[in-house]
$ cat work-v1.cif   # mmCIF, C-alpha atoms; chains and numbers go by the auth columns
data_final
loop_
_atom_site.group_PDB
_atom_site.id
_atom_site.type_symbol
_atom_site.label_atom_id
_atom_site.label_comp_id
_atom_site.label_asym_id
_atom_site.label_seq_id
_atom_site.Cartn_x
_atom_site.Cartn_y
_atom_site.Cartn_z
_atom_site.B_iso_or_equiv
_atom_site.auth_seq_id
_atom_site.auth_asym_id
ATOM 1 C CA MET A 1 -82.634 35.809 17.954 0.00 715 A
ATOM 2 C CA THR A 2 -85.320 34.225 15.856 0.00 716 A
ATOM 3 C CA PRO A 3 -87.778 33.639 18.744 0.00 717 A
ATOM 4 C CA CYS A 4 -87.745 37.372 19.469 0.00 718 A
ATOM 5 C CA LEU A 5 -88.263 38.204 15.792 0.00 719 A
ATOM 6 C CA ALA A 6 -91.094 35.674 15.683 0.00 720 A
ATOM 7 C CA ALA A 7 -92.698 37.266 18.725 0.00 721 A
ATOM 8 C CA TYR A 8 -92.448 40.835 17.461 0.00 722 A
ATOM 9 C CA ALA A 9 -93.115 40.330 13.737 0.00 723 A
ATOM 10 C CA PRO A 10 -94.882 36.974 13.282 0.00 724 A
ATOM 11 C CA GLY A 11 -96.364 38.037 9.958 0.00 725 A
ATOM 12 C CA HIS A 12 -92.873 38.280 8.477 0.00 726 A
ATOM 13 C CA VAL A 13 -91.505 34.986 9.816 0.00 727 A
ATOM 14 C CA ILE A 14 -92.352 31.607 8.268 0.00 728 A
ATOM 15 C CA GLY A 15 -90.752 29.656 11.109 0.00 729 A
ATOM 16 C CA SER A 16 -88.414 29.972 14.073 0.00 730 A
ATOM 17 C CA HIS A 17 -85.619 27.436 14.531 0.00 731 A
ATOM 18 C CA ILE A 18 -83.230 27.348 17.488 0.00 732 A
ATOM 19 C CA THR A 19 -80.784 24.839 18.902 0.00 733 A
ATOM 20 C CA SER A 20 -82.088 24.928 22.491 0.00 734 A
ATOM 21 C CA GLY A 21 -83.423 27.139 25.250 0.00 735 A
ATOM 22 C CA LEU A 22 -87.179 26.567 25.191 0.00 736 A
ATOM 23 C CA GLY A 23 -89.070 25.101 28.102 0.00 737 A
ATOM 24 C CA VAL A 24 -86.524 25.972 30.773 0.00 738 A
ATOM 25 C CA PRO A 25 -88.463 26.631 34.001 0.00 739 A
ATOM 26 C CA MET A 26 -88.185 30.219 35.182 0.00 740 A
ATOM 27 C CA GLY A 27 -89.439 29.741 38.746 0.00 741 A
ATOM 28 C CA ASP A 28 -93.152 29.448 38.065 0.00 742 A
ATOM 29 C CA PRO A 29 -94.559 26.411 39.958 0.00 743 A
ATOM 30 C CA ALA A 30 -97.062 25.988 37.114 0.00 744 A
ATOM 31 C CA ASP A 31 -94.165 24.799 34.923 0.00 745 A
ATOM 32 C CA PHE A 32 -94.206 21.504 36.826 0.00 746 A
ATOM 33 C CA GLU A 33 -97.959 20.941 36.634 0.00 747 A
ATOM 34 C CA GLY A 34 -99.113 18.006 34.554 0.00 748 A
ATOM 35 C CA LEU A 35 -95.655 16.438 34.261 0.00 749 A
ATOM 36 C CA THR A 36 -95.138 12.756 34.972 0.00 750 A
ATOM 37 C CA GLU A 37 -92.890 11.723 37.861 0.00 751 A
ATOM 38 C CA GLN A 38 -90.156 10.807 35.388 0.00 752 A
ATOM 39 C CA GLU A 39 -90.448 14.170 33.615 0.00 753 A
ATOM 40 C CA GLN A 40 -90.254 15.975 36.955 0.00 754 A
ATOM 41 C CA ALA A 41 -87.159 13.948 37.907 0.00 755 A
ATOM 42 C CA ASP A 42 -85.528 14.703 34.534 0.00 756 A
ATOM 43 C CA LEU A 43 -86.288 18.384 34.972 0.00 757 A
ATOM 44 C CA SER A 44 -84.953 18.476 38.529 0.00 758 A
ATOM 45 C CA GLY A 45 -81.704 16.862 37.351 0.00 759 A
ATOM 46 C CA LEU A 46 -81.399 19.375 34.550 0.00 760 A
ATOM 47 C CA MET A 47 -81.978 22.298 36.913 0.00 761 A
ATOM 48 C CA GLU A 48 -79.248 20.973 39.235 0.00 762 A
ATOM 49 C CA ARG A 49 -76.862 20.898 36.276 0.00 763 A
ATOM 50 C CA PHE A 50 -77.820 24.460 35.351 0.00 764 A
ATOM 51 C CA ALA A 51 -77.207 25.617 38.911 0.00 765 A
ATOM 52 C CA GLY A 52 -73.769 24.008 39.016 0.00 766 A
ATOM 53 C CA GLY A 53 -72.584 24.581 35.474 0.00 767 A
ATOM 54 C CA SER A 54 -74.139 27.816 34.300 0.00 768 A
ATOM 55 C CA GLY A 55 -73.070 30.201 37.024 0.00 769 A
ATOM 56 C CA TYR A 56 -71.965 32.719 34.433 0.00 770 A
ATOM 57 C CA ALA A 57 -75.522 33.335 33.157 0.00 771 A
ATOM 58 C CA PRO A 58 -76.963 34.700 36.434 0.00 772 A
ATOM 59 C CA TYR A 59 -73.818 36.780 36.933 0.00 773 A
ATOM 60 C CA LEU A 60 -73.993 38.283 33.446 0.00 774 A
ATOM 61 C CA THR A 61 -77.688 38.957 33.881 0.00 775 A
ATOM 62 C CA ASN A 62 -76.724 41.379 36.658 0.00 776 A
ATOM 63 C CA ARG A 63 -73.119 42.472 35.978 0.00 777 A
ATOM 64 C CA PRO A 64 -72.056 42.048 32.323 0.00 778 A
ATOM 65 C CA GLN A 65 -69.918 45.169 32.255 0.00 779 A
ATOM 66 C CA THR A 66 -67.462 43.825 34.843 0.00 780 A
ATOM 67 C CA LEU A 67 -66.298 41.072 32.501 0.00 781 A
ATOM 68 C CA SER A 68 -66.534 43.409 29.518 0.00 782 A
ATOM 69 C CA PHE A 69 -63.637 45.496 30.860 0.00 783 A
ATOM 70 C CA GLY A 70 -61.516 42.380 31.218 0.00 784 A
ATOM 71 C CA PHE A 71 -62.336 41.232 27.691 0.00 785 A
ATOM 72 C CA LEU A 72 -61.359 44.601 26.231 0.00 786 A
ATOM 73 C CA ASP A 73 -58.157 44.722 28.247 0.00 787 A
ATOM 74 C CA SER A 74 -56.850 41.186 27.811 0.00 788 A
ATOM 75 C CA PRO A 75 -57.066 38.635 25.008 0.00 789 A
ATOM 76 C CA VAL A 76 -56.216 36.005 27.638 0.00 790 A
ATOM 77 C CA ALA A 77 -59.346 36.910 29.621 0.00 791 A
ATOM 78 C CA GLN A 78 -61.423 36.641 26.441 0.00 792 A
ATOM 79 C CA LEU A 79 -59.807 33.295 25.592 0.00 793 A
ATOM 80 C CA ALA A 80 -60.253 31.866 29.106 0.00 794 A
ATOM 81 C CA TYR A 81 -63.939 32.751 29.173 0.00 795 A
ATOM 82 C CA LEU A 82 -64.678 31.299 25.736 0.00 796 A
ATOM 83 C CA VAL A 83 -62.615 28.156 26.305 0.00 797 A
ATOM 84 C CA GLU A 84 -64.736 27.422 29.359 0.00 798 A
ATOM 85 C CA ARG A 85 -67.913 27.916 27.293 0.00 799 A
ATOM 86 C CA PHE A 86 -66.650 25.692 24.476 0.00 800 A
ATOM 87 C CA LYS A 87 -64.988 22.980 26.530 0.00 801 A
ATOM 88 C CA GLU A 88 -67.230 20.156 27.576 0.00 802 A
ATOM 89 C CA PHE A 89 -70.819 21.122 28.216 0.00 803 A
ATOM 90 C CA ASP A 90 -70.628 24.311 30.245 0.00 804 A
ATOM 91 C CA GLY A 91 -68.002 22.751 32.455 0.00 805 A
ATOM 92 C CA TRP A 92 -70.406 20.116 33.764 0.00 806 A
ATOM 93 C CA PRO A 93 -68.233 17.286 35.086 0.00 807 A
ATOM 94 C CA ASP A 94 -70.557 14.544 33.865 0.00 808 A
ATOM 95 C CA ALA A 95 -70.822 15.988 30.365 0.00 809 A
ATOM 96 C CA ALA A 96 -70.656 13.574 27.476 0.00 810 A
ATOM 97 C CA GLY A 97 -68.222 14.068 24.652 0.00 811 A
ATOM 98 C CA PRO A 98 -64.561 14.783 24.108 0.00 812 A
ATOM 99 C CA ALA A 99 -62.590 17.185 26.303 0.00 813 A
ATOM 100 C CA GLU A 100 -62.051 19.402 23.255 0.00 814 A
ATOM 101 C CA PRO A 101 -65.246 19.199 21.198 0.00 815 A
ATOM 102 C CA ILE A 102 -64.365 22.178 18.993 0.00 816 A
ATOM 103 C CA ASP A 103 -61.295 22.357 16.772 0.00 817 A
ATOM 104 C CA ARG A 104 -58.585 24.572 18.290 0.00 818 A
ATOM 105 C CA ASP A 105 -58.113 26.619 15.122 0.00 819 A
ATOM 106 C CA LEU A 106 -61.841 27.321 14.990 0.00 820 A
ATOM 107 C CA LEU A 107 -61.827 28.277 18.661 0.00 821 A
ATOM 108 C CA LEU A 108 -58.840 30.597 18.226 0.00 822 A
ATOM 109 C CA THR A 109 -60.422 32.158 15.129 0.00 823 A
ATOM 110 C CA ASN A 110 -63.586 32.842 17.116 0.00 824 A
ATOM 111 C CA VAL A 111 -61.650 34.393 20.005 0.00 825 A
ATOM 112 C CA THR A 112 -59.554 36.467 17.581 0.00 826 A
ATOM 113 C CA LEU A 113 -62.673 37.875 15.932 0.00 827 A
ATOM 114 C CA TYR A 114 -64.018 38.961 19.305 0.00 828 A
ATOM 115 C CA TRP A 115 -60.659 40.528 20.199 0.00 829 A
ATOM 116 C CA LEU A 116 -59.973 42.348 16.901 0.00 830 A
ATOM 117 C CA THR A 117 -63.495 43.769 16.700 0.00 831 A
ATOM 118 C CA ALA A 118 -63.648 44.579 20.442 0.00 832 A
ATOM 119 C CA THR A 119 -67.049 42.873 20.661 0.00 833 A
ATOM 120 C CA GLY A 120 -66.389 40.468 23.530 0.00 834 A
ATOM 121 C CA GLY A 121 -67.947 42.891 25.982 0.00 835 A
ATOM 122 C CA THR A 122 -71.009 43.765 23.926 0.00 836 A
ATOM 123 C CA SER A 123 -71.625 40.066 23.289 0.00 837 A
ATOM 124 C CA LEU A 124 -72.499 39.794 26.994 0.00 838 A
ATOM 125 C CA TRP A 125 -75.169 42.502 26.931 0.00 839 A
ATOM 126 C CA PRO A 126 -78.082 40.256 25.880 0.00 840 A
ATOM 127 C CA TYR A 127 -77.791 38.526 29.242 0.00 841 A
ATOM 128 C CA TYR A 128 -78.430 41.820 31.008 0.00 842 A
ATOM 129 C CA GLU A 129 -80.924 43.242 28.526 0.00 843 A
ATOM 130 C CA GLY A 130 -83.004 40.111 28.232 0.00 844 A
ATOM 131 C CA ALA A 131 -82.087 38.070 31.299 0.00 845 A
ATOM 132 C CA ALA A 132 -80.267 35.600 29.059 0.00 846 A
ATOM 133 C CA ALA A 133 -83.057 36.009 26.512 0.00 847 A
ATOM 134 C CA MET A 134 -85.244 33.657 28.525 0.00 848 A
ATOM 135 C CA PRO A 135 -87.939 32.698 28.458 0.00 849 A
ATOM 136 C CA MET A 136 -88.129 32.790 24.687 0.00 850 A
ATOM 137 C CA ASN A 137 -91.832 32.381 24.120 0.00 851 A
ATOM 138 C CA GLN A 138 -94.069 33.113 21.167 0.00 852 A
ATOM 139 C CA THR A 139 -97.270 31.399 20.209 0.00 853 A
ATOM 140 C CA VAL A 140 -97.965 31.975 16.539 0.00 854 A
ATOM 141 C CA VAL A 141 -94.955 31.015 14.435 0.00 855 A
ATOM 142 C CA PRO A 142 -94.110 27.326 13.877 0.00 856 A
ATOM 143 C CA THR A 143 -91.054 26.497 15.974 0.00 857 A
ATOM 144 C CA GLY A 144 -88.334 23.887 15.583 0.00 858 A
ATOM 145 C CA VAL A 145 -85.691 22.902 18.130 0.00 859 A
ATOM 146 C CA SER A 146 -82.711 20.732 17.221 0.00 860 A
ATOM 147 C CA HIS A 147 -81.093 20.066 20.615 0.00 861 A
ATOM 148 C CA GLY A 148 -84.143 20.351 22.816 0.00 862 A
ATOM 149 C CA GLY A 149 -83.397 18.060 25.706 0.00 863 A
ATOM 150 C CA PRO A 150 -85.773 16.058 27.908 0.00 864 A
ATOM 151 C CA ALA A 151 -89.453 15.554 27.088 0.00 865 A
ATOM 152 C CA ALA A 152 -90.370 17.727 30.076 0.00 866 A
ATOM 153 C CA LEU A 153 -88.821 20.754 28.358 0.00 867 A
ATOM 154 C CA ARG A 154 -90.881 20.114 25.249 0.00 868 A
ATOM 155 C CA GLU A 155 -94.028 19.823 27.348 0.00 869 A
ATOM 156 C CA ILE A 156 -93.371 23.167 29.021 0.00 870 A
ATOM 157 C CA ALA A 157 -92.322 24.854 25.761 0.00 871 A
ATOM 158 C CA SER A 158 -95.425 23.548 23.965 0.00 872 A
ATOM 159 C CA ARG A 159 -97.655 25.424 26.374 0.00 873 A
ATOM 160 C CA LYS A 160 -96.455 28.776 24.988 0.00 874 A
ATOM 161 C CA ASN A 161 -95.064 27.908 21.552 0.00 875 A
ATOM 162 C CA ASP A 162 -96.225 26.260 18.359 0.00 876 A
ATOM 163 C CA ILE A 163 -93.683 23.425 18.443 0.00 877 A
ATOM 164 C CA VAL A 164 -93.771 21.548 15.145 0.00 878 A
ATOM 165 C CA ARG A 165 -90.375 19.853 15.388 0.00 879 A
ATOM 166 C CA TRP A 166 -88.425 18.843 18.487 0.00 880 A
ATOM 167 C CA ALA A 167 -85.248 16.826 18.057 0.00 881 A
ATOM 168 C CA ASP A 168 -83.070 15.778 20.955 0.00 882 A
ATOM 169 C CA ARG A 169 -79.743 15.716 19.170 0.00 883 A
ATOM 170 C CA GLU A 170 -76.553 15.558 21.219 0.00 884 A
ATOM 171 C CA SER A 171 -73.757 18.136 21.315 0.00 885 A
ATOM 172 C CA PRO A 172 -70.478 17.891 23.229 0.00 886 A
ATOM 173 C CA SER A 173 -70.477 21.677 23.705 0.00 887 A
ATOM 174 C CA HIS A 174 -72.776 24.497 24.729 0.00 888 A
ATOM 175 C CA MET A 175 -71.808 26.126 21.408 0.00 889 A
ATOM 176 C CA VAL A 176 -73.868 23.711 19.360 0.00 890 A
ATOM 177 C CA ALA A 177 -73.430 25.282 15.920 0.00 891 A
ATOM 178 C CA LEU A 178 -69.641 25.254 16.274 0.00 892 A
ATOM 179 C CA ALA A 179 -69.469 21.753 17.747 0.00 893 A
ATOM 180 C CA VAL A 180 -71.884 19.930 15.406 0.00 894 A
ATOM 181 C CA PRO A 181 -72.596 22.228 12.445 0.00 895 A
ATOM 182 C CA ASP A 182 -73.739 19.393 10.173 0.00 896 A
ATOM 183 C CA ASP A 183 -76.439 18.391 12.669 0.00 897 A
ATOM 184 C CA VAL A 184 -77.693 21.960 12.882 0.00 898 A
ATOM 185 C CA VAL A 185 -77.761 22.372 9.088 0.00 899 A
ATOM 186 C CA THR A 186 -79.636 19.079 8.699 0.00 900 A
ATOM 187 C CA GLU A 187 -82.215 20.110 11.281 0.00 901 A
ATOM 188 C CA ILE A 188 -82.722 23.545 9.727 0.00 902 A
ATOM 189 C CA ARG A 189 -83.172 22.044 6.258 0.00 903 A
ATOM 190 C CA GLU A 190 -85.635 19.445 7.492 0.00 904 A
ATOM 191 C CA PHE A 191 -87.563 21.972 9.603 0.00 905 A
ATOM 192 C CA PHE A 192 -88.019 24.540 6.845 0.00 906 A
ATOM 193 C CA GLY A 193 -88.510 21.793 4.248 0.00 907 A
ATOM 194 C CA GLU A 194 -91.529 20.573 6.206 0.00 908 A
ATOM 195 C CA LEU A 195 -92.932 24.102 6.443 0.00 909 A
ATOM 196 C CA ARG A 196 -92.881 24.509 2.661 0.00 910 A
ATOM 197 C CA ARG A 197 -95.058 21.451 2.053 0.00 911 A
#

$ encode --input "work-v1.cif" --output "structure tokens"
Amino acid sequence: MTPCLAAYAPGHVIGSHITSGLGVPMGDPADFEGLTEQEQADLSGLMERFAGGSGYAPYLTNRPQTLSFGFLDSPVAQLAYLVERFKEFDGWPDAAGPAEPIDRDLLLTNVTLYWLTATGGTSLWPYYEGAAAMPMNQTVVPTGVSHGGPAALREIASRKNDIVRWADRESPSHMVALAVPDDVVTEIREFFGELRR
């Protein structure tokens, strides 16, 4: 994860680019300070969506090994879990985009790689080891975000990060790089292109 690398070795990192994940409130009331009423409303709506559509993250933060056994035992379990992650936006019923935002062959290739390498279980460990790797905060390295979300998230993220680029691009799936790879490549090129100037 580039934010972690940026935090631990900032002298070796020219910039940190991610698709999303910065500025998500972690329970600190100070996160809401200084936000406009509209920003607070946007943030509250987003948190409601997280609570209803991201139930897997809190579970994996505490019990990743339970699902790991299922993934190692059954390719169907691995497929069912990943289909839910890929389909719509984390299963949120009001998600924008097509019902199948990622090509089936690409999805099956991804699932097959997890199955053949027996890495479905270990892919869940970052949730436990880093509480879903959040909050991802560093203050020194220039940071770019391609699918950042509402302005309130940028405001919160800017308090602990050197945000130099924040785009609010849309993705029909939680797996942004698989769903809209051209958008991600464009953002990365533009972000690092600006850093070289």

$ atom_distance --input "work-v1.cif" --atom1 "atom CA of Leu719 of chain A" --atom2 "atom CA of Phe800 of chain A"
26.4 Å

$ atom_distance --input "work-v1.cif" --atom1 "atom CA of Ile732 of chain A" --atom2 "atom CA of Ala865 of chain A"
16.4 Å

$ atom_distance --input "work-v1.cif" --atom1 "atom CA of Tyr770 of chain A" --atom2 "atom CA of Ala871 of chain A"
23.5 Å

$ resolve_selection --input "work-v1.cif" --expression "the PyMOL selection byres ((chain A and resi 743-747) around 12)" --output "VMD selection string"
chain A and resid 737 to 742 748 to 758 849 866 to 874

$ residues_around --input "work-v1.cif" --residues "Phe906 of chain A" --least-positions-apart "6" --cutoff "10 Å" --atoms "all atoms listed in the file" --output "PyMOL selection string"
chain A and resi 728-731+856-858

$ closest_residue --input "work-v1.cif" --among "A:Val855, A:Glu901, A:His861, A:Asp896" --to "His726 of chain A" --atoms "all atoms listed in the file"
A:Val855

$ resolve_selection --input "work-v1.cif" --expression "the PyMOL selection byres ((chain A and resi 837) around 12)" --output "PyMOL selection string"
chain A and resi 774+778-779+781-782+785-786+792+796+825+827-829+831-836+838-843+846

$ axis_aligned_box --input "work-v1.cif" --around "segment 824-831 of chain A" --padding-each-side "6 Å" --output "lines of an AutoDock Vina configuration file"
center_x = -61.8
center_y = 38.3
center_z = 18.1
size_x = 16.5
size_y = 22.9
size_z = 16.3
